[in-house]
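Colleague: Mind looking over this structure? Questions follow.
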Amino acid sequence: MEKAIDIGFHMNWKPPVYVRIGDGMRERIEGPDAALAALLHRWPLTHSREFGVAKRRCVDAIARRGSVEGARRAFMEAALAAGVFA
């Protein structure tokens, strides 16, 4: 039986994190849900340690098992490692 993740809506980071993925425009990532979507669907470097940590921290924050600020820090580290921090 699969477990459902209880998503806490409107969890925003203060301040947001800005990234530029590929040739795209600068994007404002405001919380762990948007960060997780970027990591899962558009991230250029998915085999780094920072990517794995950021993904886990975002899932934990969304499920209210971890810190929203910890997810932000991990996402920023993954963005630096992937060269997308804007």
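Residue numbering restarts at 1 for every chain of the structure tokens, chains are lettered A, B, ... in their displayed order, and ligands are numbered from 1 as they appear.
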Can you list, as an NGL selection string, every protein, DNA or RNA residue that comes within 9 Å of Ala82 of chain A when you count only C-alpha atoms, leaving out same-chain residues fewer than 2 positions away?
Modeller: :A and (43-46 or 48 or 50-51 or 77-80 or 84-85)
Colleague: Export all heavy atoms of the chosen residues as a compact mmCIF listing (two decimals), in the first residue's frame?
Modeller:
```txt
# COMPACT_ATOMS: atom_id res chain seq x y z
N TRP A 43 16.08 19.59 -14.06
CA TRP A 43 17.41 19.81 -13.49
C TRP A 43 18.49 19.24 -14.40
O TRP A 43 18.41 18.10 -14.85
CB TRP A 43 17.49 19.20 -12.11
CG TRP A 43 18.42 19.93 -11.21
CD1 TRP A 43 19.61 19.47 -10.74
CD2 TRP A 43 18.24 21.23 -10.67
NE1 TRP A 43 20.19 20.43 -9.92
CE2 TRP A 43 19.35 21.53 -9.87
CE3 TRP A 43 17.25 22.19 -10.79
CZ2 TRP A 43 19.52 22.72 -9.19
CZ3 TRP A 43 17.39 23.38 -10.12
CH2 TRP A 43 18.51 23.64 -9.33
N PRO A 44 19.56 20.00 -14.66
CA PRO A 44 20.60 19.53 -15.59
C PRO A 44 21.59 18.53 -14.99
O PRO A 44 22.22 17.78 -15.72
CB PRO A 44 21.32 20.82 -15.98
CG PRO A 44 21.15 21.72 -14.80
CD PRO A 44 19.78 21.39 -14.26
N LEU A 45 21.74 18.51 -13.68
CA LEU A 45 22.75 17.67 -13.03
C LEU A 45 22.08 16.82 -11.97
O LEU A 45 21.94 17.24 -10.82
CB LEU A 45 23.84 18.56 -12.42
CG LEU A 45 25.04 17.87 -11.78
CD1 LEU A 45 25.79 17.04 -12.82
CD2 LEU A 45 25.96 18.90 -11.16
N THR A 46 21.66 15.60 -12.35
CA THR A 46 20.86 14.77 -11.44
C THR A 46 21.68 13.69 -10.74
O THR A 46 21.11 12.91 -9.98
CB THR A 46 19.69 14.11 -12.19
OG1 THR A 46 20.22 13.30 -13.24
CG2 THR A 46 18.74 15.15 -12.75
N SER A 48 24.47 14.35 -8.83
CA SER A 48 25.34 14.92 -7.80
C SER A 48 24.77 14.63 -6.41
O SER A 48 23.57 14.41 -6.24
CB SER A 48 25.48 16.43 -7.98
OG SER A 48 24.28 17.09 -7.65
N GLU A 50 24.54 16.83 -4.09
CA GLU A 50 23.70 17.98 -3.74
C GLU A 50 22.28 17.83 -4.28
O GLU A 50 21.32 18.21 -3.61
CB GLU A 50 24.32 19.28 -4.28
CG GLU A 50 25.63 19.66 -3.62
CD GLU A 50 26.86 19.04 -4.26
OE1 GLU A 50 26.72 18.22 -5.19
OE2 GLU A 50 27.97 19.38 -3.81
N PHE A 51 22.16 17.27 -5.48
CA PHE A 51 20.84 17.04 -6.06
C PHE A 51 20.03 16.09 -5.18
O PHE A 51 18.88 16.35 -4.85
CB PHE A 51 20.98 16.46 -7.48
CG PHE A 51 19.68 15.96 -8.05
CD1 PHE A 51 18.79 16.84 -8.66
CD2 PHE A 51 19.35 14.61 -8.01
CE1 PHE A 51 17.59 16.39 -9.18
CE2 PHE A 51 18.16 14.15 -8.53
CZ PHE A 51 17.28 15.03 -9.13
N GLU A 77 22.43 24.87 -2.59
CA GLU A 77 23.67 24.12 -2.81
C GLU A 77 23.59 23.32 -4.10
O GLU A 77 24.57 23.24 -4.85
CB GLU A 77 23.95 23.21 -1.61
CG GLU A 77 24.35 23.98 -0.37
CD GLU A 77 24.51 23.10 0.85
OE1 GLU A 77 24.56 21.85 0.70
OE2 GLU A 77 24.61 23.65 1.96
N ALA A 78 22.43 22.73 -4.38
CA ALA A 78 22.25 21.98 -5.63
C ALA A 78 22.32 22.92 -6.83
O ALA A 78 22.89 22.57 -7.87
CB ALA A 78 20.92 21.23 -5.61
N ALA A 79 21.76 24.12 -6.69
CA ALA A 79 21.81 25.09 -7.77
C ALA A 79 23.24 25.54 -8.04
O ALA A 79 23.64 25.68 -9.20
CB ALA A 79 20.92 26.30 -7.43
N LEU A 80 24.01 25.75 -6.99
CA LEU A 80 25.43 26.11 -7.18
C LEU A 80 26.20 24.98 -7.86
O LEU A 80 26.97 25.22 -8.78
CB LEU A 80 26.06 26.44 -5.83
CG LEU A 80 25.71 27.80 -5.23
CD1 LEU A 80 26.20 27.89 -3.79
CD2 LEU A 80 26.28 28.92 -6.06
N VAL A 84 23.30 26.65 -11.98
CA VAL A 84 22.06 27.32 -12.39
C VAL A 84 21.65 28.43 -11.42
O VAL A 84 20.61 29.06 -11.61
CB VAL A 84 20.90 26.32 -12.58
CG1 VAL A 84 21.24 25.30 -13.65
CG2 VAL A 84 20.53 25.65 -11.27
N PHE A 85 22.44 28.67 -10.39
CA PHE A 85 22.12 29.71 -9.43
C PHE A 85 22.21 31.06 -10.13
O PHE A 85 23.22 31.39 -10.74
CB PHE A 85 23.10 29.63 -8.25
CG PHE A 85 22.68 30.38 -7.03
CD1 PHE A 85 21.58 29.98 -6.30
CD2 PHE A 85 23.39 31.47 -6.60
CE1 PHE A 85 21.20 30.66 -5.16
CE2 PHE A 85 23.02 32.17 -5.46
CZ PHE A 85 21.91 31.76 -4.74
```
Colleague: Could you pull the residues within 8 Å of Pro16 of chain A, counting only C-alpha atoms, minus those fewer than 3 positions along the same chain, as a ChimeraX atom specification?
Modeller: /A:12-13,28-31
Colleague: Determine which residues of chain A DSSP labels as alpha helix (DSSP H) from the backbone of this structure, then write them out as a PyMOL selection string.
Modeller: chain A and resi 32-41+49-62+68-82
Colleague: If we count only C-alpha atoms and set the cut-off at 12 Å, which residues sit around Arg26 of chain A, ignoring sequence neighbours fewer than 6 positions away in its own chain? Please answer as a list in words.
Modeller: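 Non-adjacent residues within range: Val17, Tyr18, Val19, Arg20, Val84, Phe85 and Ala86 of chain A.
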Colleague: Hey, what does DSSP flag as strand (DSSP E) within segment 6-75 of chain A? Can you give it to me as a list in words?
Modeller: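 Put together, the selection reads Val17, Tyr18, Val19, Glu27, Arg28 and Ile29 of chain A.
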Colleague: Given only C-alpha atoms as the basis, pick out the residue of A:Ile62, A:Met11, A:Val53, A:Leu40 nearest to Met76 of chain A.
Modeller: A:Val53
Colleague: Do you know which residues are at most 12 Å from His41 of chain A counting only C-alpha atoms, after dropping those on the same chain fewer than 6 positions away, and could you put them as a list in words?
Modeller: Ile21, Ala34, Ala35 and Lys55 of chain A
Colleague: Looking at only C-alpha atoms, which of A:Pro15, A:Ala81, A:Leu36, A:Arg73 is the one that sits closest to Val59 of chain A?
Modeller: A:Leu36
Colleague: Got a sec: who's within 12 Å of Asp60 of chain A, counting only C-alpha atoms, leaving out chain neighbours fewer than 4 positions off, as a PDB file with C-alpha atoms, in the first residue's frame?
Modeller:
```pdb
ATOM      1  CA  ILE A   5       2.262  12.678   1.220  1.00  0.00           C
ATOM      2  CA  ASP A   6       0.408  15.357   3.159  1.00  0.00           C
ATOM      3  CA  ILE A   7       1.269  18.476   1.201  1.00  0.00           C
ATOM      4  CA  GLY A   8       1.399  21.726   3.113  1.00  0.00           C
ATOM      5  CA  PRO A  32      10.007  23.450  -1.644  1.00  0.00           C
ATOM      6  CA  ASP A  33       7.142  22.426  -3.941  1.00  0.00           C
ATOM      7  CA  LEU A  36      11.055  19.806  -6.169  1.00  0.00           C
ATOM      8  CA  VAL A  53      20.098  15.931  -0.702  1.00  0.00           C
ATOM      9  CA  ALA A  54      17.969  18.780  -2.089  1.00  0.00           C
ATOM     10  CA  LYS A  55      15.367  16.359  -3.404  1.00  0.00           C
ATOM     11  CA  ARG A  56      15.084  14.584  -0.032  1.00  0.00           C
ATOM     12  CA  ARG A  64       6.214  18.398   7.185  1.00  0.00           C
ATOM     13  CA  ARG A  65       8.951  16.039   8.337  1.00  0.00           C
ATOM     14  CA  GLY A  66      11.718  18.544   7.831  1.00  0.00           C
ATOM     15  CA  SER A  67      12.642  22.190   7.833  1.00  0.00           C
ATOM     16  CA  VAL A  68      11.512  24.498   5.042  1.00  0.00           C
ATOM     17  CA  GLU A  69      14.685  26.542   5.554  1.00  0.00           C
ATOM     18  CA  GLY A  70      16.804  23.380   5.404  1.00  0.00           C
ATOM     19  CA  ALA A  71      15.202  22.567   2.054  1.00  0.00           C
ATOM     20  CA  ARG A  72      16.032  26.082   0.833  1.00  0.00           C
ATOM     21  CA  ALA A  74      19.948  22.323   0.162  1.00  0.00           C
TER      22      ALA A  74
END
```
Colleague: A:Phe75, A:Arg57, A:Met25, A:Gly83: which is nearest Ala38 of chain A, counting only C-alpha atoms?
Modeller: A:Phe75
